Amino acid sequence: MEIAFHLLLFILGACFGSFLCCQARRLRYNSTHKTKLRATRSICLHCKKNLKWYDNLPLISWLILKGKCRYCHHKIGIAEFLAELATAFTFLLFSFAISPSSTDPLAWTTFIVSLLLVLAFIFLAIYDGLYGELPSILLTISIICAIILLSLKTWAYLLVNPFNPILITDPLLSATILGGLYFILYLVSKGRWVGDGDPYLALAIALALGHPFLSLLALFLANFSACLISLPLVKGNRKAKIHFGPFLVLAFVITYGFSHFFISLML
């Protein structure tokens, strides 16, 4: 049962990754073209052909078609494949946070909200990676989901423990460390170092993590991965702009997914 549950989450993650990438491209197309895409089925944005169901199999279709449209042979790009793969492994990682045999409604609610939050984060990562923007509506949804997730975790703690001031101070410190720093960087640089949406994404991540140590770790991982991956681009073009959204989301997935391990190292 455990293996089947993890496999199911992996497949669901791949499906959601495909859907999110499709919606990100559709949202961009609708915002930059006079003619809106209103098709209910997936289409090729280049030749406008309706795609068959076997062209939409997560991971598999991209590999079989070698990253090209079946009809016009226009390159789809690797973003779709990476989005599907990343979401699949994220769902797989998060699936270890709960037992499929659990009957605790609070635990299941927390688990589902964490998946909804990570879907919002991954959509933001995809959109920012492709277009260098973070849609405000998704940032708002992310912050709301993060607050709900933090509230659920606080509720679960209070069910078995007396009230502790750290339930208030830790999230505040977390938000100050991660969200506050990105707000300061944005104000000081007037948007040159970080985009106007990055502080709000960082705030949502900080609230979801709810712990200052985890926020510090996420801050380190986000900036380290950004430097490591983007260094070749910056070397080749000093004017190249780094989009921090994908790196912030990557840092969140790692930090949240292994939060118990990281907290145990600190104690």
# chains A, B, ... in the order shown; residues from 1 in each chain; ligands from 1
>>> residues_around(residues="A:Glu133", least_positions_apart="4", cutoff="12 Å", atoms="only C-alpha atoms", output="PDB file with N, CA and C atoms, in the first residue's frame")
ATOM      1  N   ALA A  24       0.536  27.997 -17.735  1.00  0.00           N
ATOM      2  CA  ALA A  24       1.460  29.133 -17.717  1.00  0.00           C
ATOM      3  C   ALA A  24       1.646  29.697 -19.117  1.00  0.00           C
ATOM      4  N   LEU A  27      -1.671  31.358 -20.176  1.00  0.00           N
ATOM      5  CA  LEU A  27      -1.847  32.650 -19.522  1.00  0.00           C
ATOM      6  C   LEU A  27      -1.000  33.721 -20.186  1.00  0.00           C
ATOM      7  N   ARG A  28       0.241  33.363 -20.513  1.00  0.00           N
ATOM      8  CA  ARG A  28       1.127  34.315 -21.178  1.00  0.00           C
ATOM      9  C   ARG A  28       0.606  34.665 -22.572  1.00  0.00           C
ATOM     10  N   PHE A 123       3.873  26.692 -10.137  1.00  0.00           N
ATOM     11  CA  PHE A 123       3.363  27.533 -11.220  1.00  0.00           C
ATOM     12  C   PHE A 123       4.147  28.840 -11.288  1.00  0.00           C
ATOM     13  N   LEU A 124       4.392  29.447 -10.138  1.00  0.00           N
ATOM     14  CA  LEU A 124       5.169  30.691 -10.097  1.00  0.00           C
ATOM     15  C   LEU A 124       6.588  30.475 -10.603  1.00  0.00           C
ATOM     16  N   ALA A 125       7.191  29.339 -10.226  1.00  0.00           N
ATOM     17  CA  ALA A 125       8.547  29.030 -10.682  1.00  0.00           C
ATOM     18  C   ALA A 125       8.587  28.868 -12.193  1.00  0.00           C
ATOM     19  N   ILE A 126       7.586  28.172 -12.745  1.00  0.00           N
ATOM     20  CA  ILE A 126       7.517  27.969 -14.199  1.00  0.00           C
ATOM     21  C   ILE A 126       7.362  29.307 -14.912  1.00  0.00           C
ATOM     22  N   TYR A 127       6.428  30.111 -14.443  1.00  0.00           N
ATOM     23  CA  TYR A 127       6.133  31.382 -15.104  1.00  0.00           C
ATOM     24  C   TYR A 127       7.322  32.337 -15.003  1.00  0.00           C
ATOM     25  N   ASP A 128       7.927  32.382 -13.841  1.00  0.00           N
ATOM     26  CA  ASP A 128       9.086  33.257 -13.667  1.00  0.00           C
ATOM     27  C   ASP A 128      10.270  32.766 -14.486  1.00  0.00           C
ATOM     28  N   GLY A 129      10.462  31.441 -14.533  1.00  0.00           N
ATOM     29  CA  GLY A 129      11.561  30.894 -15.316  1.00  0.00           C
ATOM     30  C   GLY A 129      11.404  31.150 -16.802  1.00  0.00           C
ATOM     31  N   ILE A 137      -1.874  37.331  -8.747  1.00  0.00           N
ATOM     32  CA  ILE A 137      -2.957  36.494  -8.236  1.00  0.00           C
ATOM     33  C   ILE A 137      -2.404  35.212  -7.627  1.00  0.00           C
ATOM     34  N   LEU A 138      -1.370  34.636  -8.251  1.00  0.00           N
ATOM     35  CA  LEU A 138      -0.772  33.412  -7.695  1.00  0.00           C
ATOM     36  C   LEU A 138       0.032  33.710  -6.446  1.00  0.00           C
ATOM     37  N   LEU A 139       0.650  34.884  -6.376  1.00  0.00           N
ATOM     38  CA  LEU A 139       1.362  35.277  -5.157  1.00  0.00           C
ATOM     39  C   LEU A 139       0.383  35.410  -3.999  1.00  0.00           C
ATOM     40  N   VAL A 194      16.376  42.186  -7.239  1.00  0.00           N
ATOM     41  CA  VAL A 194      15.273  41.219  -7.186  1.00  0.00           C
ATOM     42  C   VAL A 194      14.034  41.880  -7.762  1.00  0.00           C
ATOM     43  N   GLY A 195      13.142  41.069  -8.329  1.00  0.00           N
ATOM     44  CA  GLY A 195      11.918  41.597  -8.919  1.00  0.00           C
ATOM     45  C   GLY A 195      10.910  41.990  -7.858  1.00  0.00           C
ATOM     46  N   ASP A 196       9.854  42.696  -8.284  1.00  0.00           N
ATOM     47  CA  ASP A 196       8.865  43.164  -7.320  1.00  0.00           C
ATOM     48  C   ASP A 196       8.018  42.042  -6.738  1.00  0.00           C
ATOM     49  N   GLY A 197       8.003  40.857  -7.380  1.00  0.00           N
ATOM     50  CA  GLY A 197       7.229  39.742  -6.850  1.00  0.00           C
ATOM     51  C   GLY A 197       8.025  38.836  -5.927  1.00  0.00           C
ATOM     52  N   ASP A 198       9.348  38.901  -6.017  1.00  0.00           N
ATOM     53  CA  ASP A 198      10.194  38.010  -5.212  1.00  0.00           C
ATOM     54  C   ASP A 198       9.986  38.163  -3.708  1.00  0.00           C
ATOM     55  N   LEU A 201       6.858  36.236  -2.738  1.00  0.00           N
ATOM     56  CA  LEU A 201       7.096  34.797  -2.810  1.00  0.00           C
ATOM     57  C   LEU A 201       7.926  34.347  -1.613  1.00  0.00           C
ATOM     58  N   LYS A 241      19.832  38.743 -16.683  1.00  0.00           N
ATOM     59  CA  LYS A 241      19.037  38.901 -15.471  1.00  0.00           C
ATOM     60  C   LYS A 241      18.672  37.541 -14.903  1.00  0.00           C
ATOM     61  N   ILE A 242      18.934  37.374 -13.612  1.00  0.00           N
ATOM     62  CA  ILE A 242      18.625  36.107 -12.941  1.00  0.00           C
ATOM     63  C   ILE A 242      17.221  36.191 -12.351  1.00  0.00           C
ATOM     64  N   HIS A 243      16.388  35.205 -12.657  1.00  0.00           N
ATOM     65  CA  HIS A 243      15.042  35.134 -12.097  1.00  0.00           C
ATOM     66  C   HIS A 243      15.093  34.246 -10.864  1.00  0.00           C
ATOM     67  N   PHE A 244      14.816  34.820  -9.699  1.00  0.00           N
ATOM     68  CA  PHE A 244      15.006  34.106  -8.436  1.00  0.00           C
ATOM     69  C   PHE A 244      13.845  33.177  -8.079  1.00  0.00           C
ATOM     70  N   GLY A 245      12.699  33.349  -8.735  1.00  0.00           N
ATOM     71  CA  GLY A 245      11.538  32.539  -8.382  1.00  0.00           C
ATOM     72  C   GLY A 245      11.802  31.045  -8.360  1.00  0.00           C
ATOM     73  N   PRO A 246      12.344  30.468  -9.442  1.00  0.00           N
ATOM     74  CA  PRO A 246      12.596  29.015  -9.442  1.00  0.00           C
ATOM     75  C   PRO A 246      13.545  28.571  -8.336  1.00  0.00           C
TER      76      PRO A 246
END
>>> residues_around(residues="A:Glu84", least_positions_apart="2", cutoff="7 Å", atoms="only C-alpha atoms", output="list in words")
Ala14, Cys15, Gly17, Ser18, Pro58, Leu59, Glu80, Phe81, Leu82, Ala86, Thr87 and Ala88 of chain A
>>> write_last_selection(atoms="N, CA and C atoms", output="PDB file, in the first residue's frame")
ATOM      1  N   ALA A  14       3.395  14.436 -11.829  1.00  0.00           N
ATOM      2  CA  ALA A  14       3.750  14.605 -13.246  1.00  0.00           C
ATOM      3  C   ALA A  14       2.584  15.199 -14.033  1.00  0.00           C
ATOM      4  N   CYS A  15       1.356  14.720 -13.736  1.00  0.00           N
ATOM      5  CA  CYS A  15       0.165  15.239 -14.428  1.00  0.00           C
ATOM      6  C   CYS A  15      -0.053  16.713 -14.101  1.00  0.00           C
ATOM      7  N   GLY A  17       2.219  18.821 -13.093  1.00  0.00           N
ATOM      8  CA  GLY A  17       3.313  19.580 -13.684  1.00  0.00           C
ATOM      9  C   GLY A  17       3.027  19.913 -15.132  1.00  0.00           C
ATOM     10  N   SER A  18       2.498  18.931 -15.870  1.00  0.00           N
ATOM     11  CA  SER A  18       2.126  19.151 -17.270  1.00  0.00           C
ATOM     12  C   SER A  18       1.028  20.195 -17.377  1.00  0.00           C
ATOM     13  N   PRO A  58       2.225  12.689 -19.427  1.00  0.00           N
ATOM     14  CA  PRO A  58       3.350  13.339 -18.743  1.00  0.00           C
ATOM     15  C   PRO A  58       4.649  12.539 -18.881  1.00  0.00           C
ATOM     16  N   LEU A  59       5.720  13.222 -19.142  1.00  0.00           N
ATOM     17  CA  LEU A  59       7.076  12.684 -19.284  1.00  0.00           C
ATOM     18  C   LEU A  59       7.198  11.789 -20.535  1.00  0.00           C
ATOM     19  N   GLU A  80       8.647  22.035 -20.254  1.00  0.00           N
ATOM     20  CA  GLU A  80       7.542  21.137 -19.933  1.00  0.00           C
ATOM     21  C   GLU A  80       8.039  19.860 -19.254  1.00  0.00           C
ATOM     22  N   PHE A  81       9.064  19.276 -19.804  1.00  0.00           N
ATOM     23  CA  PHE A  81       9.593  18.029 -19.245  1.00  0.00           C
ATOM     24  C   PHE A  81      10.140  18.260 -17.833  1.00  0.00           C
ATOM     25  N   LEU A  82      10.882  19.351 -17.656  1.00  0.00           N
ATOM     26  CA  LEU A  82      11.452  19.646 -16.335  1.00  0.00           C
ATOM     27  C   LEU A  82      10.353  19.941 -15.318  1.00  0.00           C
ATOM     28  N   ALA A  86       9.958  17.738 -12.076  1.00  0.00           N
ATOM     29  CA  ALA A  86      10.123  18.401 -10.782  1.00  0.00           C
ATOM     30  C   ALA A  86       8.882  18.247  -9.911  1.00  0.00           C
ATOM     31  N   THR A  87       7.708  18.410 -10.507  1.00  0.00           N
ATOM     32  CA  THR A  87       6.469  18.277  -9.732  1.00  0.00           C
ATOM     33  C   THR A  87       6.254  16.834  -9.297  1.00  0.00           C
ATOM     34  N   ALA A  88       6.612  15.895 -10.156  1.00  0.00           N
ATOM     35  CA  ALA A  88       6.476  14.476  -9.803  1.00  0.00           C
ATOM     36  C   ALA A  88       7.336  14.133  -8.598  1.00  0.00           C
TER      37      ALA A  88
END
>>> atom_distance(atom1="atom CA of A:Pro135", atom2="atom CA of A:Ile205")
15.9 Å
>>> residues_around(residues="A:Ile148", least_positions_apart="3", cutoff="10 Å", atoms="only C-alpha atoms", output="list in words")
Thr110, Val113, Ser114, Leu117, Ser142, Ile143, Ile144, Cys145, Ser151, Leu152, Lys153, Thr154, Leu207 and Ala208 of chain A
>>> write_last_selection(atoms="C-alpha atoms", output="PDB file, in the first residue's frame")
ATOM      1  CA  THR A 110      -2.428  19.701   6.307  1.00  0.00           C
ATOM      2  CA  VAL A 113      -2.913  22.154   1.752  1.00  0.00           C
ATOM      3  CA  SER A 114       0.850  21.593   1.477  1.00  0.00           C
ATOM      4  CA  LEU A 117       0.732  25.398  -1.843  1.00  0.00           C
ATOM      5  CA  SER A 142       0.422  31.358  -2.170  1.00  0.00           C
ATOM      6  CA  ILE A 143       0.405  33.678   0.843  1.00  0.00           C
ATOM      7  CA  ILE A 144      -3.142  32.609   1.783  1.00  0.00           C
ATOM      8  CA  CYS A 145      -2.241  28.901   1.478  1.00  0.00           C
ATOM      9  CA  SER A 151      -2.438  27.676  11.153  1.00  0.00           C
ATOM     10  CA  LEU A 152      -3.050  23.948  10.681  1.00  0.00           C
ATOM     11  CA  LYS A 153       0.420  23.067  11.967  1.00  0.00           C
ATOM     12  CA  THR A 154      -0.110  25.383  14.968  1.00  0.00           C
ATOM     13  CA  LEU A 207       5.288  31.620   6.541  1.00  0.00           C
ATOM     14  CA  ALA A 208       4.963  28.064   5.234  1.00  0.00           C
TER      15      ALA A 208
END
>>> closest_residue(among="A:Ile166, A:Leu158, A:Phe121, A:Lys75", to="A:Ala251", atoms="only C-alpha atoms")
A:Phe121
>>> closest_residue(among="A:Ser264, A:Asn164, A:Tyr131, A:Ala202", to="A:Thr32", atoms="only C-alpha atoms")
A:Tyr131
>>> atom_distance(atom1="atom CA of A:Met1", atom2="atom CA of A:Leu150")
29.1 Å
>>> select_by_dssp(residues="stretch 156-258 of chain A", states="helix (DSSP H, G or I)", output="ChimeraX atom specification")
/A:156-160,166-189,198-209,212-236,245-257
>>> atom_distance(atom1="atom CA of A:Phe183", atom2="atom CA of A:Tyr200")
8.1 Å
>>> residues_around(residues="A:Asp55", least_positions_apart="4", cutoff="9 Å", atoms="only C-alpha atoms", output="list in words")
Leu51, Ile60, Ser61, Trp62, Leu65, Cys69 and Arg70 of chain A
>>> write_last_selection(atoms="C-alpha atoms", output="CSV table (one decimal), in the first residue's frame")
chain,number,residue,atom,x,y,z
A,51,LEU,CA,-3.4,17.6,-29.2
A,60,ILE,CA,6.4,9.8,-21.8
A,61,SER,CA,5.0,11.9,-24.6
A,62,TRP,CA,7.8,14.5,-24.5
A,65,LEU,CA,8.1,13.1,-29.5
A,69,CYS,CA,5.0,18.9,-31.8
A,70,ARG,CA,3.7,15.9,-33.6
>>> select_by_dssp(residues="stretch 27-266 of chain A", states="strand (DSSP E or B)", output="mmCIF file with C-alpha atoms, in the first residue's frame")
data_model
loop_
_atom_site.group_PDB
_atom_site.id
_atom_site.type_symbol
_atom_site.label_atom_id
_atom_site.label_comp_id
_atom_site.auth_asym_id
_atom_site.auth_seq_id
_atom_site.Cartn_x
_atom_site.Cartn_y
_atom_site.Cartn_z
ATOM 1 C CA ILE A 43 -3.354 22.758 -28.285
ATOM 2 C CA ASN A 50 -5.682 20.124 -30.925
ATOM 3 C CA LYS A 68 8.560 18.499 -30.662
ATOM 4 C CA LYS A 75 10.221 22.502 -30.595
#
>>> residues_around(residues="A:Thr90", least_positions_apart="4", cutoff="10 Å", atoms="only C-alpha atoms", output="ChimeraX atom specification")
/A:9-10,13-14,84-86,94-95,115,118-119,122,250,253-254,257
